[in-house]
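Structure first, then comments.
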2 protein chains.
Amino acid sequence: MTPNPFVKQYLMTAGPTPVPPAVSQAMAAPMLYHRAPAFVEVYERVIAKLPSVFRTENDVLTFAASGSGAMDSAAANLVRRGTPVLACAAGKFGERWIELCEAYGAETVRYEPGWGERLDAAEIDRLLTEHDGIEVVFATLSETSTGIVHDVQAIAEVARKHGAILAVDAVSGLGAAELRQDEWGIDVVVAGSQKALMCPPGLAFASVSQRALDYAADTGSQPPRTYYFDWNKTAKSQRKGDSPFTPAVPLFLGLDVALDLIGEEGLENVMGRHRLLASAARAGAAAIGLELFGDPDERSTVVTAVELPDTIDGGKVPGALRKLGITANGGQNQLKGKILRIAHCGYFGAFDILTSLSGLEMVLAQLGHEVEHGVGVGAAQRVFLEAGVPAAA
Amino acid sequence: MTPNPFVKQYLMTAGPTPVPPAVSQAMAAPMLYHRAPAFVEVYERVIAKLPSVFRTENDVLTFAASGSGAMDSAAANLVRRGTPVLACAAGKFGERWIELCEAYGAETVRYEPGWGERLDAAEIDRLLTEHDGIEVVFATLSETSTGIVHDVQAIAEVARKHGAILAVDAVSGLGAAELRQDEWGIDVVVAGSQKALMCPPGLAFASVSQRALDYAADTGSQPPRTYYFDWNKTAKSQRKGDSPFTPAVPLFLGLDVALDLIGEEGLENVMGRHRLLASAARAGAAAIGLELFGDPDERSTVVTAVELPDTIDGGKVPGALRKLGITANGGQNQLKGKILRIAHCGYFGAFDILTSLSGLEMVLAQLGHEVEHGVGVGAAQRVFLEAGVPAAA
C-alpha cells in the first residue's frame with residue numbers, strides 16, 4: 001500500500017460551501033424551543049439583519065427549504081394558470097425557472113440564448129414587446145452551471161418599462177455578486193443559506209416587494225397554489241416576530257453569526273473579496289493555458305468555469321480530484337466532462353483558490369495533459385499580491 | 001479599505017497541529033464522569049491502543065499535562081541528586097533535558113554538538129566511556145527547533161552497551177518519525193498528544209520499561225522527586241483501569257478516535273505519509289532556491305527548517321504569513337529570523353504543504369526577495385505525483 005498524503009478533505013464546491021468555524025460552533029449549541037424567548041430573539045435579529053445583504057427595505061421571508069424551495073415559492077406565488085410569463089434560461093438554473101413556470105401552469109415564453117451566454121436585456125425588451133401581457137419575468141443573477149453573472153440591473157430596467165414583475169434567482173449570487181435590489185427595482189429576489197451566506201443548506205429566502213406581495217395575494221378566481229410557501233402568510237407572521245411553521249433552529253443560530261461576520265467585514269469588502277478570488281482563479285486558469293467557458297467578466301465572482309482541454313477525458317477530472325481529497329464541481333448536463341468549476345463563493349480564502357489550481361494542475365498532468373506545474377498557482381499568487389495585502393484582521 | 005482574501009485561517013505549526021474533524025466532534029460529546037463505566041471503557045481502550053504507536057509492550061503512562069510534563073516526569077523519576085547523567089542537546093528541546101536534569105540536581109554531563117547537528121552515537125559512546133558511572137542518557141527523537149530527527153536506534157545501542165537507561169523525547173516525533181521502542185531497546189519514550197497523534201495539547205505520555213520503572217522506584221535514601229508524575233503509582237493505577245488523578249476526559253475521547261484513524265491508515269502508511277510530505281516540502285524549498293537548515297535527511301519528517309535568505313529581514317516572515325492567514329513557526333532562540341519551519345506532523349495533507357510553500361513564495365516576494373511564483377509549489381506537486389496517487393480512501 002502506498003502512503004496517502006491525500007486523506008485530508010477539501011470542500012471546493014459552489015454549494016454547499018465551507019462553513020466558518022464560528023458558524024458551526026453556534027449551530028452546535030443546545031437545541032432551543034422555537035417559541036421560547038431565547039430563540040425568538042435570534043429569529044428577530046436575523047430577520048432584521050437579512051435585508052442589508054439584499055440591499056432592500058423589504059421583509060426578507062425565510063423558509064426551511066433549500067434554494068430551490070425559494071424558487072418554488074416565487075413560481076407558486078407569482079404564476080397564474082394561463083397567464084403569460086417570460087422565463088430566461090442560459091444554464092441549468094435558468095431552466096429550473098422554465099420547469100417551475102410550466103409546473104404551475106403558466107403560459108411560458110422562453111428566452112434561451114444558450115448555456116454560457118449572457119442574458120441580453122435588449123432581447124428581453126424585444127420579447128416583452130412581442131408577447132403582449134407578460135406579467136412576470138424570471139431571471140438568474142449568477143448561473144452556477146456556467147459561472148456567468150447576468151446583468152439583472154439592465155433586465156430590471158426593461159421589466160419595469162413593460163410593467164412586469166421581475167423575480168431573480170440569486171441563490172448562488174447573493175452576497176457574492178453585486179446586487180442592489182431596491183436601487184435596481186427588482187421586485188423579488190430569492191436565495192439560499194449555503195452559498196455566500198456561509199451557512200449549511202436548509203434556509204431559503206425570498207425578498208419580496210409590496211407590489212409583488214399584492215400581486216401574489218390576488219389569486220383571482222384561482223385557488224392558492226401553495227400553502228407552505230405562501231408569501232403573504234409568511235410576511236404577516238414574520239412581522240409579529242413569529243414563524244408560520246417550525247423554523248430550522250440551528251440554521252438561524254448559524255446565520256446570526258454569519259451575518260455578523262459579513263457585517264464586520266462589510267458587504268463591499270465581501271464583494272471585493274469575491275471579485276479578487278475570481279480574478280486570481282481566472283489568471284491561474286489562463287496561465288495553465290485553459291480557456292474560460294462562455295463569456296465571463298468581472299461580475300462572474302461565484303464560480304469560474306474552466307474549459308477542460310479536449311486532449312483529455314474531462315469526465316475523469318472530478319473523480320481524479322476526489323482521489324486528491326478535493327471535492328469540486330465538474331460540468332452539469334451538456335457541460336459534463338467539458339468544464340471544471342473553481343468555486344469562490346462564501347467562506348473561501350486565497351489559499352483555497354491556490355489549492356484548487358494545484359489540484360487542477362495535478363490531475364491534468366495525471367490525465368496526460370502537459371502542464372508546467374505551479375504556473376497557474378504562481379499567476380494567482382501574483383494577482384493576490386498585486387491587489388495588496390491588507391493589515392491583519 | 002482593501003478587500004481581504006486572507007481572512008480564513010490556516011494552522012501550519014508543528015504543534016498544536018490541526019485536529020481531524022472526527023476528533024473535534026468526539027471531544028464535543030457531553031462531559032463524562034471519569035469513574036463512570038462509559039468513560040472507564042474509553043480509558044481502557046485508549047490505554048490498550050497506545051503501545052502500538054510506540055511499538056512497545058510497555059504500559060504507556062498517561063498524564064494530564066503538556067509534552068514538557070512528560071519530559072519532567074522522566075527527569076523526576078530517573079534523576080537522583082548527585083548521580084551522573086548524560087543530556088544530549090542539539091536544539092531547544094534537547095536543552096530542555098539539560099534544564100530538567102539540573103533542576104532535579106543531577107550531575108549533568110552535556111553533549112551539545114550545536115543546533116542543527118545530528119547527535120553522533122560514537123561521540124555519546126566516547127562520553128559514556130570517559131565519564132564513569134553515568135546511569136541515564138537523555139536524548140531527542142525529533143528536534144522540532146531544527147527539524148533534525150536523530151538516530152535514536154544507534155544511541156540506544158551505545159547506551160545499552162554502557163548499561164545506561166535511555167530516555168527519549170519523542171514529543172514531536174512519535175507517529176511521524178520511525179521509532180521502534182522495544183526492538184531498539186529504548187527504556188523510556190515520552191510524548192504528547194498534540195503532534196502526530198492529531199489531538200489538542202493536554203495529554204502527556206511516558207512509555208516506560210520495567211527496568212526503568214524499577215530504577216525509578218529505587219529512590220534510595222532520597223525522597224521521591226515527584227508526586228503527580230510518579231510513574232510506578234500511575235502504572236499501578238492504570239493496570240486496574242483506573243487513573244490516579246482526574247484524567248482530561250475529552251482528550252481521551254478525542255485520542256480514542258485519533259488512534260483509530262491511525263490504526264485504519266496503518267502506522268507504516270502514517271510514517272510514509274510524513275516522509276512524503278517532508279520530501280515535497282524539501283523539493284519545494286530547493287526549487288525556490290532556499291537551503292535547508294542543518295543536516296536533514298529522509299528521517300526529518302516532522303518539520304522542514306528552511307533557511308531564509310539573508311537579503312531579507314527573516315524576522316518579518318511569520319508576521320507576514322500571519323497577515324495571509326497562515327500561522328507558521330519561525331526560528332526559536334538563536335534561529336529567530338534565520339529559518340521558517342514548514343510543519344508536516346499530524347493531520348496535514350499534500351495541499352497544506354502546497355499552501356505553506358505558496359505562503360512562503362508570497363512573503364519572500366513581499367519582503368523583496370526575487371521569487372519565481374509557483375516554482376516551489378510546482379516542484380512539490382511533482383513529488384506527490386511521482387509517488388503515485390493511491391486509490392481513494
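Chain labels A, B, ... are given in the sequence in which chains occur in the C-alpha cells; within each chain residues are numbered consecutively from 1, and ligands are likewise numbered from 1 in the order shown.
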Put chain A on top of chain B with a least-squares fit on all C-alpha atoms, paired in order, and send it back as a CSV table (one decimal) with C-alpha atoms, in the first residue's frame.
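Output below, filename result-v6.csv:
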```csv
chain,number,residue,atom,x,y,z
A,1,MET,CA,-10.3,49.5,2.8
A,2,THR,CA,-8.9,46.8,0.6
A,3,PRO,CA,-10.9,43.6,0.4
A,4,ASN,CA,-9.1,40.9,2.3
A,5,PRO,CA,-8.9,37.4,0.7
A,6,PHE,CA,-6.8,36.3,3.7
A,7,VAL,CA,-9.4,36.2,6.4
A,8,LYS,CA,-9.5,32.4,6.5
A,9,GLN,CA,-7.1,30.9,9.0
A,10,TYR,CA,-4.6,28.1,8.2
A,11,LEU,CA,-2.8,26.5,11.2
A,12,MET,CA,0.6,25.3,9.8
A,13,THR,CA,2.5,24.9,13.0
A,14,ALA,CA,4.4,21.8,14.3
A,15,GLY,CA,2.3,21.8,17.5
A,16,PRO,CA,-0.5,22.3,18.2
A,17,THR,CA,-1.3,20.7,14.9
A,18,PRO,CA,-4.6,20.6,13.0
A,19,VAL,CA,-7.1,18.2,14.5
A,20,PRO,CA,-9.3,16.0,12.3
A,21,PRO,CA,-13.0,16.9,12.4
A,22,ALA,CA,-13.9,13.5,13.8
A,23,VAL,CA,-11.6,14.1,16.7
A,24,SER,CA,-13.1,17.5,17.5
A,25,GLN,CA,-16.6,16.1,17.2
A,26,ALA,CA,-15.8,13.3,19.6
A,27,MET,CA,-14.4,15.8,22.1
A,28,ALA,CA,-17.6,17.8,21.9
A,29,ALA,CA,-19.6,15.0,23.4
A,30,PRO,CA,-21.3,15.6,26.7
A,31,MET,CA,-18.8,15.5,29.6
A,32,LEU,CA,-18.4,12.1,31.3
A,33,TYR,CA,-17.8,11.4,34.9
A,34,HIS,CA,-14.3,9.8,34.9
A,35,ARG,CA,-15.3,6.9,37.2
A,36,ALA,CA,-18.5,6.1,35.3
A,37,PRO,CA,-18.4,2.9,33.1
A,38,ALA,CA,-18.9,4.9,29.9
A,39,PHE,CA,-15.6,6.7,30.5
A,40,VAL,CA,-13.7,3.8,32.0
A,41,GLU,CA,-14.4,1.9,28.8
A,42,VAL,CA,-12.8,4.7,26.7
A,43,TYR,CA,-9.9,5.0,29.1
A,44,GLU,CA,-9.1,1.3,29.0
A,45,ARG,CA,-9.5,1.2,25.2
A,46,VAL,CA,-7.0,4.2,24.8
A,47,ILE,CA,-4.5,2.6,27.2
A,48,ALA,CA,-4.8,-0.6,25.2
A,49,LYS,CA,-4.2,1.1,21.9
A,50,LEU,CA,-1.4,3.4,22.8
A,51,PRO,CA,1.5,0.9,23.0
A,52,SER,CA,1.2,0.1,19.3
A,53,VAL,CA,2.2,3.6,18.3
A,54,PHE,CA,5.3,3.3,20.4
A,55,ARG,CA,5.9,-0.2,19.1
A,56,THR,CA,6.2,-1.4,22.7
A,57,GLU,CA,4.8,-3.9,25.1
A,58,ASN,CA,5.2,-1.4,27.9
A,59,ASP,CA,2.3,0.2,29.7
A,60,VAL,CA,2.1,3.7,28.3
A,61,LEU,CA,1.5,6.0,31.2
A,62,THR,CA,-0.7,9.0,30.6
A,63,PHE,CA,-0.8,12.3,32.4
A,64,ALA,CA,-3.0,15.4,32.1
A,65,ALA,CA,0.0,17.6,31.1
A,66,SER,CA,1.7,19.0,28.0
A,67,GLY,CA,4.6,17.3,26.4
A,68,SER,CA,7.0,19.1,28.7
A,69,GLY,CA,5.2,17.4,31.6
A,70,ALA,CA,6.1,14.1,30.2
A,71,MET,CA,9.7,15.2,30.0
A,72,ASP,CA,9.5,16.4,33.5
A,73,SER,CA,8.2,13.0,34.6
A,74,ALA,CA,11.3,11.4,33.1
A,75,ALA,CA,13.7,13.7,34.9
A,76,ALA,CA,11.7,13.4,38.1
A,77,ASN,CA,11.6,9.6,38.0
A,78,LEU,CA,15.1,9.0,36.7
A,79,VAL,CA,17.4,11.7,38.2
A,80,ARG,CA,19.0,11.0,41.5
A,81,ARG,CA,20.6,14.0,43.2
A,82,GLY,CA,24.3,13.9,42.5
A,83,THR,CA,24.1,11.0,40.2
A,84,PRO,CA,25.8,11.5,36.8
A,85,VAL,CA,23.5,11.6,33.7
A,86,LEU,CA,24.3,12.5,30.1
A,87,ALA,CA,22.0,15.1,28.5
A,88,CYS,CA,22.2,15.4,24.7
A,89,ALA,CA,21.1,18.7,23.1
A,90,ALA,CA,21.3,19.9,19.5
A,91,GLY,CA,18.4,22.4,19.8
A,92,LYS,CA,15.9,24.0,22.1
A,93,PHE,CA,14.2,20.8,23.2
A,94,GLY,CA,17.4,19.0,23.8
A,95,GLU,CA,18.4,21.9,26.0
A,96,ARG,CA,15.2,21.3,28.0
A,97,TRP,CA,16.7,17.9,29.1
A,98,ILE,CA,19.7,19.8,30.4
A,99,GLU,CA,17.4,22.3,32.3
A,100,LEU,CA,15.4,19.4,33.7
A,101,CYS,CA,18.4,17.4,34.8
A,102,GLU,CA,19.9,20.4,36.5
A,103,ALA,CA,16.5,21.3,38.1
A,104,TYR,CA,16.4,17.9,39.7
A,105,GLY,CA,20.0,18.1,40.9
A,106,ALA,CA,21.8,15.6,38.6
A,107,GLU,CA,25.5,15.7,38.0
A,108,THR,CA,24.9,16.6,34.3
A,109,VAL,CA,27.3,15.8,31.6
A,110,ARG,CA,26.3,17.7,28.5
A,111,TYR,CA,26.7,16.7,24.9
A,112,GLU,CA,26.0,19.7,22.8
A,113,PRO,CA,27.2,19.4,19.2
A,114,GLY,CA,25.3,22.6,18.2
A,115,TRP,CA,21.9,23.5,16.8
A,116,GLY,CA,21.1,21.7,13.6
A,117,GLU,CA,23.7,19.0,14.1
A,118,ARG,CA,22.8,15.3,14.3
A,119,LEU,CA,23.6,13.6,17.6
A,120,ASP,CA,26.5,11.3,17.0
A,121,ALA,CA,26.3,7.9,18.7
A,122,ALA,CA,30.0,7.5,18.5
A,123,GLU,CA,30.5,10.7,20.5
A,124,ILE,CA,27.9,9.5,23.0
A,125,ASP,CA,29.9,6.3,23.3
A,126,ARG,CA,33.0,8.2,24.0
A,127,LEU,CA,31.4,10.4,26.6
A,128,LEU,CA,29.9,7.4,28.4
A,129,THR,CA,33.3,5.8,28.4
A,130,GLU,CA,35.0,9.0,29.6
A,131,HIS,CA,32.5,9.8,32.4
A,132,ASP,CA,32.2,6.8,34.6
A,133,GLY,CA,29.0,6.0,36.3
A,134,ILE,CA,26.5,7.7,34.0
A,135,GLU,CA,23.2,5.9,34.8
A,136,VAL,CA,20.8,7.7,32.5
A,137,VAL,CA,21.1,9.2,29.0
A,138,PHE,CA,18.5,11.8,27.8
A,139,ALA,CA,18.1,12.3,24.0
A,140,THR,CA,15.7,13.6,21.5
A,141,LEU,CA,14.0,11.8,18.6
A,142,SER,CA,12.8,14.9,16.6
A,143,GLU,CA,14.3,18.2,17.5
A,144,THR,CA,11.5,20.5,16.5
A,145,SER,CA,13.6,23.6,16.7
A,146,THR,CA,15.8,22.5,13.9
A,147,GLY,CA,13.8,19.8,12.0
A,148,ILE,CA,16.5,17.2,12.6
A,149,VAL,CA,15.5,13.7,13.5
A,150,HIS,CA,18.2,11.9,15.5
A,151,ASP,CA,19.2,8.3,15.1
A,152,VAL,CA,18.0,7.1,18.5
A,153,GLN,CA,18.4,3.5,17.4
A,154,ALA,CA,22.2,4.0,17.3
A,155,ILE,CA,22.1,5.9,20.6
A,156,ALA,CA,20.1,3.1,22.2
A,157,GLU,CA,22.8,0.6,21.2
A,158,VAL,CA,25.5,2.7,22.8
A,159,ALA,CA,23.5,3.3,26.0
A,160,ARG,CA,22.8,-0.4,26.3
A,161,LYS,CA,26.5,-1.2,25.9
A,162,HIS,CA,27.2,1.0,28.8
A,163,GLY,CA,24.3,-0.2,30.9
A,164,ALA,CA,22.7,3.2,31.0
A,165,ILE,CA,19.0,3.9,30.8
A,166,LEU,CA,18.0,5.8,27.7
A,167,ALA,CA,15.1,8.3,27.9
A,168,VAL,CA,14.0,9.7,24.5
A,169,ASP,CA,11.9,12.8,24.0
A,170,ALA,CA,9.5,11.8,21.2
A,171,VAL,CA,7.1,14.6,21.9
A,172,SER,CA,7.0,15.8,18.2
A,173,GLY,CA,8.4,12.6,16.7
A,174,LEU,CA,6.1,9.9,17.8
A,175,GLY,CA,3.9,8.7,14.9
A,176,ALA,CA,5.8,10.9,12.4
A,177,ALA,CA,9.4,9.5,12.6
A,178,GLU,CA,10.3,5.9,12.7
A,179,LEU,CA,10.5,4.7,16.3
A,180,ARG,CA,10.6,1.0,17.4
A,181,GLN,CA,10.9,1.3,21.2
A,182,ASP,CA,11.2,-2.4,22.1
A,183,GLU,CA,13.1,-3.5,19.0
A,184,TRP,CA,15.6,-0.7,19.5
A,185,GLY,CA,15.8,-1.2,23.3
A,186,ILE,CA,14.8,2.2,24.4
A,187,ASP,CA,13.8,2.2,28.1
A,188,VAL,CA,11.7,5.4,28.2
A,189,VAL,CA,9.9,7.3,25.5
A,190,VAL,CA,7.9,10.4,26.4
A,191,ALA,CA,5.4,12.1,24.1
A,192,GLY,CA,2.4,14.4,23.8
A,193,SER,CA,-1.0,14.4,22.2
A,194,GLN,CA,-0.7,17.5,20.0
A,195,LYS,CA,1.6,16.3,17.3
A,196,ALA,CA,1.3,13.2,15.1
A,197,LEU,CA,-1.4,11.9,17.4
A,198,MET,CA,-3.6,14.6,15.9
A,199,CYS,CA,-5.2,15.7,19.2
A,200,PRO,CA,-5.2,19.0,21.0
A,201,PRO,CA,-2.4,19.6,23.6
A,202,GLY,CA,-3.1,18.4,27.1
A,203,LEU,CA,-2.1,14.7,27.3
A,204,ALA,CA,1.4,13.6,28.1
A,205,PHE,CA,2.7,10.0,27.7
A,206,ALA,CA,5.6,8.0,29.1
A,207,SER,CA,6.2,4.6,27.8
A,208,VAL,CA,8.5,3.1,30.5
A,209,SER,CA,10.2,-0.3,30.6
A,210,GLN,CA,10.1,-2.5,33.7
A,211,ARG,CA,13.8,-1.8,34.1
A,212,ALA,CA,13.2,1.9,34.2
A,213,LEU,CA,10.2,1.5,36.5
A,214,ASP,CA,12.4,-0.4,38.9
A,215,TYR,CA,15.1,2.2,38.7
A,216,ALA,CA,12.5,4.9,39.4
A,217,ALA,CA,11.1,3.0,42.4
A,218,ASP,CA,14.5,2.8,44.0
A,219,THR,CA,15.0,6.3,45.3
A,220,GLY,CA,17.5,5.1,47.8
A,221,SER,CA,17.9,7.4,50.7
A,222,GLN,CA,16.4,10.3,48.7
A,223,PRO,CA,12.8,11.4,49.0
A,224,PRO,CA,10.7,10.9,45.9
A,225,ARG,CA,11.1,13.9,43.5
A,226,THR,CA,7.5,14.0,42.3
A,227,TYR,CA,4.0,13.2,43.4
A,228,TYR,CA,1.9,13.9,40.3
A,229,PHE,CA,4.3,12.3,37.8
A,230,ASP,CA,5.1,9.2,39.8
A,231,TRP,CA,5.5,6.5,37.2
A,232,ASN,CA,5.1,3.5,39.5
A,233,LYS,CA,2.0,4.9,41.1
A,234,THR,CA,0.5,5.7,37.7
A,235,ALA,CA,1.4,2.3,36.3
A,236,LYS,CA,-0.2,0.5,39.2
A,237,SER,CA,-3.4,2.6,38.9
A,238,GLN,CA,-3.6,2.2,35.1
A,239,ARG,CA,-3.2,-1.6,35.3
A,240,LYS,CA,-6.5,-1.6,37.3
A,241,GLY,CA,-8.2,0.5,34.6
A,242,ASP,CA,-8.0,3.5,36.8
A,243,SER,CA,-6.3,6.8,36.7
A,244,PRO,CA,-4.6,8.2,39.8
A,245,PHE,CA,-5.9,11.7,39.2
A,246,THR,CA,-8.8,13.1,37.2
A,247,PRO,CA,-8.0,12.4,33.5
A,248,ALA,CA,-8.6,15.0,30.8
A,249,VAL,CA,-11.8,13.4,29.8
A,250,PRO,CA,-12.4,15.0,26.3
A,251,LEU,CA,-8.8,14.4,25.3
A,252,PHE,CA,-9.3,10.7,25.9
A,253,LEU,CA,-12.5,10.8,23.8
A,254,GLY,CA,-10.5,12.5,21.0
A,255,LEU,CA,-7.5,10.3,21.3
A,256,ASP,CA,-9.7,7.2,21.1
A,257,VAL,CA,-10.8,8.4,17.6
A,258,ALA,CA,-7.4,9.6,16.6
A,259,LEU,CA,-5.8,6.2,17.4
A,260,ASP,CA,-8.5,4.5,15.3
A,261,LEU,CA,-7.7,6.8,12.4
A,262,ILE,CA,-4.0,5.9,12.8
A,263,GLY,CA,-4.9,2.2,13.1
A,264,GLU,CA,-7.1,2.3,9.9
A,265,GLU,CA,-4.4,4.1,7.9
A,266,GLY,CA,-1.8,1.8,9.3
A,267,LEU,CA,1.3,3.1,11.2
A,268,GLU,CA,3.6,2.3,8.2
A,269,ASN,CA,1.4,4.4,6.0
A,270,VAL,CA,1.3,7.2,8.5
A,271,MET,CA,5.1,7.2,8.6
A,272,GLY,CA,5.2,7.0,4.8
A,273,ARG,CA,2.8,10.0,4.5
A,274,HIS,CA,5.0,12.0,6.8
A,275,ARG,CA,8.1,11.1,4.7
A,276,LEU,CA,6.3,12.1,1.5
A,277,LEU,CA,5.1,15.4,2.8
A,278,ALA,CA,8.6,16.2,4.1
A,279,SER,CA,10.1,15.2,0.8
A,280,ALA,CA,7.7,17.5,-1.1
A,281,ALA,CA,8.5,20.4,1.3
A,282,ARG,CA,12.2,19.9,0.8
A,283,ALA,CA,11.8,19.8,-3.0
A,284,GLY,CA,9.7,23.0,-2.8
A,285,ALA,CA,12.2,24.8,-0.8
A,286,ALA,CA,15.0,23.7,-3.1
A,287,ALA,CA,13.1,24.9,-6.2
A,288,ILE,CA,12.6,28.3,-4.5
A,289,GLY,CA,16.4,28.3,-4.2
A,290,LEU,CA,16.5,28.0,-0.4
A,291,GLU,CA,18.8,25.9,1.7
A,292,LEU,CA,17.6,23.6,4.4
A,293,PHE,CA,18.9,24.2,7.9
A,294,GLY,CA,21.3,21.8,9.4
A,295,ASP,CA,21.7,18.3,8.0
A,296,PRO,CA,18.2,17.0,7.4
A,297,ASP,CA,17.7,13.6,5.7
A,298,GLU,CA,14.7,11.4,5.0
A,299,ARG,CA,14.3,10.9,8.7
A,300,SER,CA,13.3,14.6,9.1
A,301,THR,CA,9.6,14.2,8.7
A,302,VAL,CA,8.2,16.4,11.5
A,303,VAL,CA,9.2,19.9,10.3
A,304,THR,CA,11.3,21.1,7.4
A,305,ALA,CA,13.5,24.0,8.6
A,306,VAL,CA,14.1,26.3,5.6
A,307,GLU,CA,16.9,28.9,5.8
A,308,LEU,CA,15.7,32.3,4.9
A,309,PRO,CA,17.8,34.3,2.5
A,310,ASP,CA,19.9,36.9,4.3
A,311,THR,CA,18.8,39.5,1.8
A,312,ILE,CA,15.5,39.9,3.7
A,313,ASP,CA,14.6,40.5,7.3
A,314,GLY,CA,13.7,37.0,8.2
A,315,GLY,CA,12.2,38.0,11.5
A,316,LYS,CA,9.3,39.5,9.5
A,317,VAL,CA,8.3,36.2,7.8
A,318,PRO,CA,6.0,34.8,10.4
A,319,GLY,CA,4.2,38.1,10.8
A,320,ALA,CA,3.8,38.5,7.1
A,321,LEU,CA,2.5,34.9,6.8
A,322,ARG,CA,0.0,35.7,9.6
A,323,LYS,CA,-1.3,38.6,7.5
A,324,LEU,CA,-2.1,36.0,4.9
A,325,GLY,CA,-3.9,33.9,7.4
A,326,ILE,CA,-1.1,31.4,7.8
A,327,THR,CA,0.2,30.7,11.3
A,328,ALA,CA,3.7,29.1,10.9
A,329,ASN,CA,6.8,28.6,13.0
A,330,GLY,CA,9.8,30.8,12.5
A,331,GLY,CA,13.0,30.0,14.3
A,332,GLN,CA,13.5,29.9,18.1
A,333,ASN,CA,16.2,31.4,20.2
A,334,GLN,CA,19.4,31.8,18.1
A,335,LEU,CA,17.5,30.7,14.9
A,336,LYS,CA,15.0,33.6,15.3
A,337,GLY,CA,14.7,35.3,11.9
A,338,LYS,CA,17.0,32.8,10.3
A,339,ILE,CA,14.6,29.9,9.4
A,340,LEU,CA,11.0,29.2,8.6
A,341,ARG,CA,9.7,25.8,9.7
A,342,ILE,CA,7.2,24.1,7.3
A,343,ALA,CA,5.2,21.7,9.5
A,344,HIS,CA,4.0,18.3,8.3
A,345,CYS,CA,3.5,16.4,11.5
A,346,GLY,CA,0.0,15.1,12.2
A,347,TYR,CA,-3.2,16.0,10.3
A,348,PHE,CA,-1.5,17.6,7.3
A,349,GLY,CA,-2.3,16.8,3.7
A,350,ALA,CA,-0.5,17.4,0.4
A,351,PHE,CA,-2.4,20.7,-0.2
A,352,ASP,CA,-1.3,22.0,3.2
A,353,ILE,CA,2.3,21.7,2.1
A,354,LEU,CA,1.5,23.5,-1.1
A,355,THR,CA,-0.3,26.2,0.9
A,356,SER,CA,2.8,26.6,3.1
A,357,LEU,CA,5.0,26.9,0.0
A,358,SER,CA,2.7,29.4,-1.6
A,359,GLY,CA,2.7,31.5,1.5
A,360,LEU,CA,6.5,31.3,1.6
A,361,GLU,CA,6.8,32.3,-2.0
A,362,MET,CA,4.4,35.2,-1.5
A,363,VAL,CA,6.1,36.7,1.6
A,364,LEU,CA,9.5,36.3,0.2
A,365,ALA,CA,8.3,38.4,-2.8
A,366,GLN,CA,6.7,40.9,-0.4
A,367,LEU,CA,9.9,41.3,1.5
A,368,GLY,CA,11.9,42.0,-1.6
A,369,HIS,CA,13.4,38.6,-2.4
A,370,GLU,CA,13.1,37.7,-6.1
A,371,VAL,CA,10.9,34.6,-6.5
A,372,GLU,CA,9.5,32.8,-9.4
A,373,HIS,CA,6.0,32.4,-8.2
A,374,GLY,CA,4.7,28.9,-8.2
A,375,VAL,CA,8.1,27.2,-8.7
A,376,GLY,CA,8.2,25.7,-5.2
A,377,VAL,CA,4.6,24.6,-5.4
A,378,GLY,CA,5.2,23.0,-8.7
A,379,ALA,CA,8.2,21.1,-7.5
A,380,ALA,CA,6.2,19.8,-4.6
A,381,GLN,CA,3.3,18.8,-6.8
A,382,ARG,CA,5.7,16.7,-8.9
A,383,VAL,CA,7.0,14.9,-5.8
A,384,PHE,CA,3.4,14.0,-4.9
A,385,LEU,CA,2.5,12.8,-8.4
A,386,GLU,CA,5.7,10.8,-8.8
A,387,ALA,CA,4.9,9.0,-5.5
A,388,GLY,CA,1.7,7.9,-7.1
A,389,VAL,CA,-1.8,8.7,-6.1
A,390,PRO,CA,-3.4,5.8,-4.2
A,391,ALA,CA,-7.0,4.7,-4.7
A,392,ALA,CA,-9.3,7.0,-2.8
A,393,ALA,CA,-9.7,6.0,0.9
```
- [ ] Select from stretch 57-288 of chain B everything DSSP, run on the backbone, classes as alpha helix (DSSP H), then give the selection as a VMD selection string.
- [x] chain B and resid 67 to 78 92 to 103 121 to 130 152 to 161 181 to 184 210 to 217 231 to 239 249 to 265 267 to 288
Open item on the list: Could you pull out the strand (DSSP E) residues of stretch 179-320 of chain B, going by DSSP on the backbone, and write them as a count of residues only?
Closed with: 16
